[in-house]
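The file coords33.txt comes next; it holds compact mmCIF, C-alpha atoms.
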```txt
# COMPACT_ATOMS: atom_id res chain seq x y z
CA MET A 543 19.21 32.00 115.38
CA PRO A 544 17.06 32.37 112.23
CA SER A 545 17.07 29.49 109.80
CA LEU A 546 18.94 30.15 106.57
CA LYS A 547 18.36 27.92 103.56
CA PHE A 548 21.54 27.50 101.54
CA SER A 549 21.69 26.45 97.90
CA ARG A 550 22.72 22.86 97.42
CA PHE A 551 24.76 22.24 94.33
CA PHE A 552 26.32 19.16 92.86
CA SER A 553 29.90 18.95 91.66
CA GLN A 554 29.82 15.25 90.77
CA PRO A 555 27.76 15.19 87.56
CA GLU A 556 29.09 11.75 86.73
CA VAL A 557 26.52 10.46 89.25
CA PHE A 558 23.70 11.58 86.97
CA ARG A 559 25.41 10.40 83.78
CA GLY A 560 25.42 6.96 85.37
CA ILE A 561 21.61 6.88 85.50
CA ASP A 562 19.84 5.11 82.64
CA PRO A 563 18.39 7.84 80.37
CA ASP A 564 14.89 6.32 80.61
CA ASN A 565 15.00 6.51 84.41
CA LEU A 566 16.39 10.03 84.36
CA LEU A 567 13.71 11.14 81.92
CA SER A 568 11.03 9.65 84.18
CA LEU A 569 12.40 11.75 87.02
CA LEU A 570 12.43 14.94 84.93
CA ALA A 571 9.16 14.45 83.04
CA ASP A 572 6.80 16.06 85.56
CA HIS A 573 8.91 19.22 85.41
CA ALA A 574 9.24 19.44 81.62
CA ALA A 575 7.60 22.86 81.34
CA ALA A 576 9.72 24.45 84.08
CA LEU A 577 12.91 22.90 82.71
CA GLY A 578 12.06 24.11 79.23
CA LEU A 579 11.94 27.69 80.52
CA LEU A 580 15.41 27.10 81.97
CA GLY A 581 16.80 26.01 78.62
CA LEU A 582 16.57 22.24 79.12
CA LYS A 583 14.18 20.81 76.54
CA LEU A 584 13.43 17.18 77.28
CA PRO A 585 13.48 14.66 74.42
CA ASP A 586 10.61 12.33 73.63
CA GLY A 587 10.46 9.12 75.62
CA ALA A 588 11.70 7.09 72.67
CA ASP A 589 14.83 9.24 72.47
CA ALA A 590 15.74 9.53 76.17
CA ALA A 591 19.45 9.21 75.41
CA ALA A 592 19.32 12.68 73.80
CA ILE A 593 19.05 14.43 77.19
CA ASP A 594 21.21 17.57 77.21
CA TYR A 595 23.58 16.58 80.03
CA GLU A 596 25.70 19.72 79.82
CA ARG A 597 22.68 21.98 80.33
CA LEU A 598 21.48 19.73 83.14
CA MET A 599 24.89 19.95 84.82
CA ALA A 600 24.82 23.74 84.56
CA LEU A 601 21.44 23.80 86.31
CA LEU A 602 22.72 21.49 89.03
CA MET A 603 25.36 24.09 89.85
CA GLU A 604 22.60 26.69 90.37
CA PRO A 605 19.82 24.56 91.87
CA ASP A 606 17.79 27.50 93.18
CA LYS A 607 16.50 27.81 89.62
CA LEU A 608 15.08 24.28 89.69
CA PRO A 609 11.60 23.38 90.96
CA ALA A 610 11.84 22.70 94.70
CA ASP A 611 10.64 19.08 94.44
CA LEU A 612 13.16 18.28 91.72
CA ARG A 613 15.95 19.95 93.67
CA GLU A 614 15.19 17.74 96.67
CA ALA A 615 15.01 14.66 94.46
CA PHE A 616 18.45 15.37 93.00
CA TYR A 617 19.88 15.92 96.46
CA PHE A 618 18.74 12.58 97.89
CA ILE A 619 19.54 10.63 94.72
CA HIS A 620 23.00 12.22 94.61
CA GLU A 621 23.64 11.20 98.23
CA MET A 622 22.47 7.59 97.81
CA ALA A 623 23.91 6.83 94.36
CA THR A 624 26.88 4.89 95.77
CA ASP A 625 27.68 1.20 96.06
CA GLU A 626 26.84 1.32 99.77
CA GLY A 627 23.65 3.26 99.14
CA MET A 628 22.61 0.81 96.42
CA ALA A 629 23.03 -2.18 98.74
CA CYS A 630 20.98 -0.43 101.42
CA LEU A 631 18.20 0.56 98.99
CA LEU A 632 18.00 -2.85 97.29
CA GLU A 633 17.38 -4.50 100.64
CA ALA A 634 14.81 -1.87 101.61
CA ALA A 635 13.09 -2.12 98.22
CA GLU A 636 12.79 -5.90 98.52
CA ASP A 637 11.27 -5.58 101.98
CA ALA A 638 8.81 -2.99 100.66
CA GLY A 639 7.86 -5.04 97.60
CA ILE A 640 9.38 -2.57 95.14
CA GLU A 641 10.75 -4.21 92.00
CA ILE A 642 14.00 -2.70 90.74
CA VAL A 643 14.52 -3.18 87.01
CA GLY A 644 17.42 -2.54 84.67
CA GLU A 645 18.99 -4.25 81.70
CA PRO A 646 21.61 -5.61 81.87
CA GLY A 647 21.73 -4.32 85.45
CA PRO A 648 20.84 -1.11 87.31
CA THR A 649 23.52 1.31 88.48
CA PRO A 650 23.43 2.84 91.99
CA GLY A 651 21.83 5.93 90.44
CA ASP A 652 19.17 3.83 88.72
CA VAL A 653 18.27 2.17 92.01
CA ALA A 654 18.03 5.51 93.81
CA VAL A 655 15.80 7.01 91.10
CA GLN A 656 13.44 4.03 91.04
CA VAL A 657 13.07 3.96 94.81
CA TRP A 658 12.49 7.72 94.84
CA LEU A 659 9.76 7.48 92.19
CA ARG A 660 8.01 4.62 93.98
CA ASP A 661 8.47 5.59 97.63
CA ARG A 662 10.13 8.92 98.34
CA GLU A 663 9.71 8.54 102.10
CA LEU A 664 11.56 5.20 102.05
CA LEU A 665 14.60 6.72 100.36
CA GLU A 666 14.62 9.70 102.71
CA ARG A 667 14.43 7.36 105.70
CA LYS A 668 17.29 5.18 104.47
CA HIS A 669 19.34 8.27 103.77
CA ALA A 670 18.79 9.48 107.33
CA GLU A 671 19.76 6.07 108.72
CA GLN A 672 22.87 5.69 106.67
CA PHE A 673 24.01 9.23 105.85
CA LEU A 674 27.04 8.18 103.89
CA GLN A 675 30.15 10.17 104.77
CA ASN A 676 31.91 10.97 101.51
CA ALA A 677 34.21 13.68 102.77
CA ARG A 678 36.15 15.72 100.25
CA SER A 679 39.48 17.34 101.01
CA PHE A 680 40.53 20.74 99.68
CA GLN A 681 44.01 22.25 99.82
CA SER A 682 44.26 26.03 99.68
CA PHE A 683 46.94 28.03 97.89
CA GLY A 684 47.09 31.79 98.32
CA THR A 685 49.21 34.65 97.05
CA ASP A 686 51.78 37.02 98.51
CA ARG A 687 50.56 39.85 96.28
CA SER A 688 49.02 42.75 98.21
CA PRO A 689 46.62 44.15 97.29
CA VAL A 690 45.26 41.21 95.33
CA PRO A 691 44.78 42.15 91.65
CA LYS A 692 41.55 41.58 89.78
CA TYR A 693 41.35 38.19 88.12
CA ARG A 694 40.90 37.91 84.37
CA ASP A 695 37.70 36.51 82.86
CA PRO A 696 38.47 32.84 82.18
CA THR A 697 35.97 32.46 79.31
CA PRO A 698 38.23 33.55 76.40
CA ARG A 699 41.13 31.57 77.87
CA LEU A 700 39.39 28.23 78.33
CA ALA A 701 40.59 26.75 75.04
CA GLN A 702 44.25 27.40 75.88
CA MET A 703 43.77 26.20 79.47
CA LYS A 704 42.24 23.00 78.09
CA LYS A 705 45.20 22.50 75.74
CA GLU A 706 47.75 22.89 78.53
CA LEU A 707 45.86 20.49 80.78
CA ASP A 708 45.41 18.04 77.88
CA ASP A 709 49.18 18.12 77.33
CA PHE A 710 49.71 17.34 81.03
CA PHE A 711 47.16 14.53 81.27
CA GLU A 712 48.31 13.00 77.98
CA LYS A 713 51.83 12.70 79.40
CA LYS A 714 50.26 10.95 82.39
CA LYS A 715 48.59 8.49 79.97
CA ARG A 716 45.08 9.80 80.64
CA GLY A 717 44.15 11.03 77.18
CA ARG A 718 43.23 14.46 75.83
CA ASN A 719 39.73 14.64 77.28
CA THR A 720 39.87 17.74 79.48
CA LYS A 721 36.89 20.07 79.74
CA ILE A 722 36.59 23.05 82.08
CA PHE A 723 33.26 24.27 83.43
CA PRO A 724 33.42 27.62 85.30
CA TYR A 725 30.55 28.82 87.49
CA VAL A 726 30.53 32.28 89.06
CA ARG A 727 28.89 32.31 92.48
CA GLU A 728 28.33 35.15 94.93
CA ASP A 729 31.80 35.23 96.51
CA SER A 730 33.78 32.76 94.43
CA VAL A 731 34.27 31.10 91.07
CA TRP A 732 33.93 27.31 90.96
CA PHE A 733 35.62 25.25 88.27
CA LEU A 734 34.77 21.64 87.47
CA VAL A 735 37.60 20.07 85.51
CA ARG A 736 36.71 16.87 83.72
CA HIS A 737 39.55 14.62 82.59
CA GLY A 738 40.27 10.98 82.00
CA ASP A 739 41.67 8.55 84.52
CA PRO A 740 44.22 5.92 83.42
CA PHE A 741 42.95 3.83 80.50
CA LYS A 742 41.02 0.72 81.54
CA ARG A 743 40.59 -2.64 79.91
CA GLU A 744 37.93 -4.65 81.64
CA GLY A 745 36.09 -7.85 81.00
CA ALA A 746 32.37 -7.25 80.61
CA ILE A 747 29.23 -9.24 79.80
CA ASP A 748 26.84 -8.10 77.07
CA ASP A 749 23.06 -8.43 77.05
CA LYS A 750 23.40 -11.87 75.40
CA GLY A 751 25.57 -13.20 78.18
CA GLU A 752 28.72 -13.10 76.06
CA SER A 753 32.05 -11.93 77.43
CA TYR A 754 33.85 -9.06 75.70
CA GLY A 755 36.55 -6.50 76.40
CA ALA A 756 35.62 -2.93 77.33
CA TYR A 757 38.24 -0.24 76.71
CA TYR A 758 37.83 3.31 77.97
CA TRP A 759 39.17 6.26 79.93
CA PRO A 760 37.13 6.56 83.16
CA GLU A 761 35.67 10.02 83.71
CA LYS A 762 37.09 12.02 86.65
CA PHE A 763 36.02 15.43 87.96
CA ASP A 764 38.28 17.70 90.01
CA VAL A 765 36.95 20.76 91.83
CA LEU A 766 38.72 24.12 92.08
CA VAL A 767 37.40 27.20 93.89
CA LEU A 768 38.78 30.69 93.31
CA ASP A 769 38.30 33.28 96.05
CA PRO A 770 38.93 36.55 94.16
CA THR A 771 38.93 38.67 97.31
CA ASP A 772 41.84 36.84 98.93
CA GLY A 773 43.48 35.63 95.70
CA GLU A 774 43.19 32.02 96.81
CA LEU A 775 42.65 28.76 94.93
CA ARG A 776 41.18 25.76 96.77
CA ILE A 777 41.81 22.48 95.00
CA ASN A 778 40.30 19.02 95.30
CA ALA A 779 42.42 16.70 93.15
CA ARG A 780 44.12 13.35 93.54
CA ASN A 781 47.83 14.10 93.81
CA LYS A 782 50.53 16.74 94.15
CA GLY A 783 51.35 16.72 90.45
CA GLU A 784 47.79 17.58 89.45
CA LYS A 785 47.53 20.30 92.10
CA LYS A 786 50.84 21.83 91.01
CA LYS A 787 49.70 21.90 87.37
CA TYR A 788 46.36 23.47 88.27
CA ARG A 789 48.15 26.19 90.25
CA GLU A 790 50.40 26.97 87.29
CA VAL A 791 47.68 26.97 84.62
CA PHE A 792 45.08 28.89 86.61
CA GLY A 793 47.67 31.36 87.91
CA ARG A 794 48.96 32.03 84.40
CA HIS A 795 45.54 32.53 82.82
CA LEU A 796 43.66 34.22 85.67
CA TYR A 797 46.48 36.47 86.93
CA ASN A 798 49.17 36.29 84.21
CA ASP A 799 51.52 34.66 86.73
CA GLU A 800 52.01 30.88 86.96
CA GLY A 801 53.54 31.36 90.42
CA PHE A 802 50.61 33.41 91.70
CA PHE A 803 49.19 30.68 93.97
CA SER A 804 52.39 30.11 95.95
CA VAL A 805 51.37 30.62 99.59
CA GLU A 806 50.39 27.48 101.51
CA ASN A 807 50.07 28.92 105.02
CA LYS A 808 46.31 29.48 105.36
CA TYR A 809 44.95 27.92 108.56
CA THR A 810 45.89 28.29 112.21
CA LEU A 811 44.23 26.46 115.11
CA GLU A 812 45.62 28.76 117.80
CA PRO A 813 42.20 30.39 118.44
CA LEU A 814 41.20 27.12 120.17
CA ARG A 815 43.94 27.74 122.71
CA GLU A 816 43.56 31.52 122.91
CA LYS A 817 39.75 31.85 123.01
CA GLY A 818 38.49 28.46 124.12
CA GLU A 819 34.81 27.82 123.37
CA ASP A 820 34.34 31.37 122.08
CA ALA A 821 36.48 30.37 119.09
CA ILE A 822 33.82 27.96 117.85
CA ALA A 823 30.72 30.11 118.34
CA PRO A 824 28.44 29.59 115.32
CA ILE A 825 27.63 32.29 112.78
CA GLU A 826 24.44 32.83 110.79
CA GLY A 827 23.59 29.64 108.95
CA MET A 828 24.92 27.43 111.75
CA ASP A 829 22.97 26.30 114.80
CA GLU A 830 25.78 24.61 116.72
CA VAL A 831 29.51 23.89 116.45
CA LEU A 832 31.29 21.38 118.70
CA LEU A 833 34.98 20.50 118.83
CA ILE A 834 35.05 16.69 118.70
CA GLU A 835 38.75 16.01 118.07
CA VAL A 836 42.00 17.88 118.49
CA ASP A 837 45.46 16.47 117.69
CA PHE A 838 48.61 17.77 119.39
CA PHE A 839 52.24 17.31 118.38
CA TRP A 840 54.59 17.34 121.37
CA GLY A 841 57.65 16.39 119.33
CA GLY A 842 60.82 15.48 121.18
CA SER A 843 63.13 12.59 120.40
CA PHE A 844 60.14 10.23 120.13
CA ALA A 845 57.95 12.53 117.94
CA GLU A 846 55.14 12.26 120.50
CA LYS A 847 51.56 12.91 119.40
CA GLU A 848 48.39 13.19 121.46
CA ILE A 849 44.82 12.84 120.16
CA ARG A 850 41.86 14.00 122.23
CA LYS A 851 38.40 12.85 121.13
CA ALA A 852 35.01 13.47 122.72
CA ASP A 853 31.46 14.42 121.80
CA ASP A 854 32.48 17.84 123.11
CA VAL A 855 36.20 18.26 123.81
CA PHE A 856 35.80 21.56 125.66
CA GLY A 857 32.99 20.05 127.73
CA ALA A 858 35.17 17.04 128.55
CA TYR A 859 38.00 19.29 129.73
CA LYS A 860 35.59 21.18 131.97
CA ALA A 861 34.08 18.00 133.41
CA ARG A 862 37.54 16.79 134.45
CA ASN A 863 38.62 20.22 135.65
CA ARG A 864 41.38 20.35 133.06
CA THR A 865 42.59 23.14 130.80
CA PHE A 866 43.52 23.21 127.15
CA PRO A 867 47.25 22.38 126.73
CA THR A 868 49.41 25.47 126.32
CA LYS A 869 52.60 24.06 124.75
CA PRO A 870 52.10 21.46 122.01
CA ARG A 871 51.47 22.42 118.40
CA ILE A 872 47.87 21.87 117.28
CA VAL A 873 48.02 19.90 114.03
CA LYS A 874 44.40 18.93 113.44
CA ALA A 875 40.89 19.74 114.64
CA CYS A 876 37.54 18.17 113.82
CA PHE A 877 34.29 20.05 114.30
CA ARG A 878 30.72 18.73 114.34
CA VAL A 879 28.62 21.43 112.69
CA THR A 880 24.83 21.56 112.66
CA PHE A 881 23.82 23.79 109.76
CA SER A 882 20.55 25.70 109.89
CA ASP A 883 19.26 23.95 106.76
CA SER A 884 19.79 20.44 108.14
CA ASP A 885 18.86 18.54 111.29
CA ARG A 886 21.83 16.20 110.98
CA PRO A 887 25.29 17.55 111.88
CA ARG A 888 28.23 17.18 109.52
CA THR A 889 31.94 17.00 110.20
CA VAL A 890 34.50 19.60 109.15
CA THR A 891 38.22 18.86 109.56
CA ILE A 892 41.00 21.47 109.47
CA LYS A 893 44.70 20.57 109.18
CA PRO A 894 47.21 23.43 109.00
CA PRO A 895 48.78 24.75 106.96
CA ASN A 896 46.19 24.52 104.18
CA GLU A 897 43.89 21.48 104.22
CA ALA A 898 40.15 21.42 104.90
CA GLN A 899 37.83 18.44 104.61
CA TYR A 900 34.07 18.69 104.12
CA THR A 901 31.29 16.16 103.80
CA ARG A 902 29.73 18.28 101.04
CA ASP A 903 31.40 20.75 98.72
CA ALA A 904 28.66 23.31 99.40
CA ASP A 905 29.52 23.35 103.12
CA SER A 906 32.75 25.16 102.30
CA LEU A 907 30.88 28.39 101.51
CA ILE A 908 29.65 29.02 105.04
CA VAL A 909 32.51 27.20 106.80
CA GLU A 910 35.07 29.50 105.17
CA LYS A 911 33.09 32.52 106.44
CA TRP A 912 33.03 30.99 109.93
CA LEU A 913 36.75 30.19 109.91
CA LYS A 914 37.54 33.74 108.86
CA ALA A 915 35.20 35.28 111.44
CA ARG A 916 36.70 33.22 114.28
CA GLY A 917 40.35 33.82 113.41
CA PHE A 918 41.28 30.40 111.99
CA ILE A 919 42.42 31.94 108.69
CA VAL A 920 45.74 33.77 108.56
CA LYS A 921 45.11 37.33 107.43
CA LYS A 922 46.39 38.34 104.01
CA GLY A 923 46.06 41.25 101.61
CA LYS A 924 42.62 42.00 100.17
CA ALA A 925 41.59 42.54 96.59
CA LYS A 926 40.91 45.96 95.17
CA HIS A 927 38.02 44.56 93.17
CA GLU A 928 35.06 42.45 94.27
CA PRO A 929 33.73 39.83 91.85
CA THR A 930 30.93 41.42 89.84
CA ALA A 931 29.71 38.63 87.56
CA LYS A 932 26.55 36.99 88.88
CA THR A 933 25.64 34.50 86.18
CA ALA A 934 27.11 31.09 85.52
CA LEU A 935 29.62 30.74 82.73
CA VAL A 936 29.76 27.45 80.91
CA GLY A 937 32.84 27.00 78.77
CA THR A 938 33.98 24.37 76.34
```
Show this structure as structure tokens.
Amino acid sequence: MPSLKFSRFFSQPEVFRGIDPDNLLSLLADHAAALGLLGLKLPDGADAAAIDYERLMALLMEPDKLPADLREAFYFIHEMATDEGMACLLEAAEDAGIEIVGEPGPTPGDVAVQVWLRDRELLERKHAEQFLQNARSFQSFGTDRSPVPKYRDPTPRLAQMKKELDDFFEKKKRGRNTKIFPYVREDSVWFLVRHGDPFKREGAIDDKGESYGAYYWPEKFDVLVLDPTDGELRINARNKGEKKKYREVFGRHLYNDEGFFSVENKYTLEPLREKGEDAIAPIEGMDEVLLIEVDFFWGGSFAEKEIRKADDVFGAYKARNRTFPTKPRIVKACFRVTFSDSDRPRTVTIKPPNEAQYTRDADSLIVEKWLKARGFIVKKGKAKHEPTAKTALVGT
């Protein structure tokens, strides 16, 4: 199968906001000319804090526009800018004689940037060894409208959407700090929704060693993906209340119907039973797909469940001369997918009726195509109109 390089994009911009501006500017400096042509003019070194983060975030959602070396740098730094990654890199840096600096102390992102700038190969090696699994779960909500109507351009409606979400989050004691960033991609529209988490009061230590109180709303980003063809909204958010509000607000403003995203029955795992290994054949962009876990619900008076795990479940059944169970309901399946743009496989989990879990948000683009091609998605009505916008929209 031919190799297909997919765009990597980053839906957690808070990672890059957590990097000291001086370190971030050092990372960007060699690409100042190219970034300037993309609308990101870098400040002078003495004014690093003036970096245009909103323009940078917009570019991170369309990384094909970035210089290849910078795109790779962002990818590895993004992956390793965690508490676990920081601990791993600090140990590796000490062993390699790399001094990590930062006043009053470096963040995980600062550590990742400094290691990258001093020894790129070291960071790549530690990433390969650790490969932190930060899976993200999406729930899908479709429509019973057939054919699916054309969605309305969100740009002129962003201010009202923000107000309605601000009203909701304010009632939840999270402040009026909502901001919506829409990005139109080839087959979908991605929305990053920034809002505050519950207010925090924390003890902190200043650069003089004095204790003081820090008061703030932590920054939180939720991810929503609109599939205009199927009239479906995929949501990554913390709780049912937030998901319900997103369905109402986005349904009302995109389709003039707050109950538009009402259908929760998206996934079926029956193809595993009906087609066996043929059901997991890879499509373009995938080199291999293996079923590594399948969960059955037998029910009965004891609510019996059965979990089968193996490096290759179908292979294990064959080796023991067993067949796939015909009676119990299949409630969960985990797949190990090797994508054509990566040597290391990643896990995808599907739980009917509407939950999918990915290691990276960007994996959902090809995985959704694979699920549809192999019959794991319940067929629904199609849209009359295909999405036509090709450029990213950035709203306030």
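Closest approach to Glu604 in chain A from the set A:Ala904, A:Ala845, A:Val920, A:Val831 is made by A:Ala904, with distances taken over only C-alpha atoms.
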Using all atoms listed in the file, which residues of range 872-921 of chain A come within 12 Å of range 729-750 of chain A, and what is the closest atom pair for each, with the distance in Å to one decimal? Give it as CSV, sorted by chain and residue number.
```
residue,atom,partner,partner_atom,distance
A:Asp903,CA,A:Trp732,CA,10.5
A:Ala904,CA,A:Trp732,CA,10.7
A:Ser906,CA,A:Ser730,CA,11.0
A:Leu907,CA,A:Asp729,CA,8.5
A:Ile908,CA,A:Asp729,CA,10.8
A:Glu910,CA,A:Asp729,CA,10.9
A:Lys911,CA,A:Asp729,CA,10.4
```
Restricting it to C-alpha atoms, dump the selection as a PDB file, in the coordinates of the input.
```pdb
ATOM      1  CA  ASP A 903      31.400  20.750  98.720  1.00  0.00           C
ATOM      2  CA  ALA A 904      28.660  23.310  99.400  1.00  0.00           C
ATOM      3  CA  SER A 906      32.750  25.160 102.300  1.00  0.00           C
ATOM      4  CA  LEU A 907      30.880  28.390 101.510  1.00  0.00           C
ATOM      5  CA  ILE A 908      29.650  29.020 105.040  1.00  0.00           C
ATOM      6  CA  GLU A 910      35.070  29.500 105.170  1.00  0.00           C
ATOM      7  CA  LYS A 911      33.090  32.520 106.440  1.00  0.00           C
TER       8      LYS A 911
END
```
Worksheet entry | Protein and nucleic acid residues near (22.7, 6.3, 92.1) (cut-off 10 Å, only C-alpha atoms) as a ChimeraX atom specification | /A:556-562,618-625,627-628,648-656
Worksheet item: Just how far from CA of Arg613 in chain A is CA of Ala779 in chain A, in Å to one decimal?
Response: 26.7 Å
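Taking CA of Ile722 in chain A and CA of Asp799 in chain A as the two end points, the separation is 19.5 Å.
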Worksheet item: CA of Phe877 in chain A to CA of Glu826 in chain A: how many Å, to one decimal?
Response: 16.5 Å
Worksheet entry | Nearest candidate to Lys851 in chain A (options A:Arg597, A:His795, A:Arg878, A:Arg888; using all atoms listed in the file) | A:Arg878
Item to complete: Determine, counting only C-alpha atoms, which protein, DNA and RNA residues have an atom within 12 Å of an atom of range 695-706 of chain A; residues of the same chain fewer than 4 positions away are not included. Present the result as a ChimeraX atom specification.
Response: /A:710-713,717-726,731-733,735-737,768,770,787-798,929-931,934-938
Take range 715-727 of chain A, bring it up to N, CA and C atoms, and give me the output as an mmCIF file, in the coordinates of the input.
```cif
data_model
loop_
_atom_site.group_PDB
_atom_site.id
_atom_site.type_symbol
_atom_site.label_atom_id
_atom_site.label_comp_id
_atom_site.auth_asym_id
_atom_site.auth_seq_id
_atom_site.Cartn_x
_atom_site.Cartn_y
_atom_site.Cartn_z
ATOM 1 N N LYS A 715 49.302 9.610 80.582
ATOM 2 C CA LYS A 715 48.590 8.490 79.970
ATOM 3 C C LYS A 715 47.107 8.492 80.343
ATOM 4 N N ARG A 716 46.503 9.689 80.319
ATOM 5 C CA ARG A 716 45.080 9.800 80.640
ATOM 6 C C ARG A 716 44.272 10.425 79.507
ATOM 7 N N GLY A 717 44.878 10.543 78.338
ATOM 8 C CA GLY A 717 44.150 11.030 77.180
ATOM 9 C C GLY A 717 44.005 12.542 77.138
ATOM 10 N N ARG A 718 43.455 13.033 76.029
ATOM 11 C CA ARG A 718 43.230 14.460 75.830
ATOM 12 C C ARG A 718 41.718 14.722 75.907
ATOM 13 N N ASN A 719 41.181 14.576 77.103
ATOM 14 C CA ASN A 719 39.730 14.640 77.280
ATOM 15 C C ASN A 719 39.297 15.735 78.248
ATOM 16 N N THR A 720 40.158 16.725 78.469
ATOM 17 C CA THR A 720 39.870 17.740 79.480
ATOM 18 C C THR A 720 38.749 18.668 79.025
ATOM 19 N N LYS A 721 37.896 19.030 79.967
ATOM 20 C CA LYS A 721 36.890 20.070 79.740
ATOM 21 C C LYS A 721 36.737 20.856 81.026
ATOM 22 N N ILE A 722 36.655 22.167 80.907
ATOM 23 C CA ILE A 722 36.590 23.050 82.080
ATOM 24 C C ILE A 722 35.238 23.737 82.106
ATOM 25 N N PHE A 723 34.559 23.638 83.256
ATOM 26 C CA PHE A 723 33.260 24.270 83.430
ATOM 27 C C PHE A 723 33.358 25.304 84.552
ATOM 28 N N PRO A 724 33.376 26.612 84.240
ATOM 29 C CA PRO A 724 33.420 27.620 85.300
ATOM 30 C C PRO A 724 32.014 28.088 85.684
ATOM 31 N N TYR A 725 31.821 28.324 86.986
ATOM 32 C CA TYR A 725 30.550 28.820 87.490
ATOM 33 C C TYR A 725 30.825 29.951 88.477
ATOM 34 N N VAL A 726 30.329 31.134 88.175
ATOM 35 C CA VAL A 726 30.530 32.280 89.060
ATOM 36 C C VAL A 726 29.430 32.288 90.104
ATOM 37 N N ARG A 727 29.832 32.242 91.373
ATOM 38 C CA ARG A 727 28.890 32.310 92.480
ATOM 39 C C ARG A 727 29.061 33.650 93.186
#
```
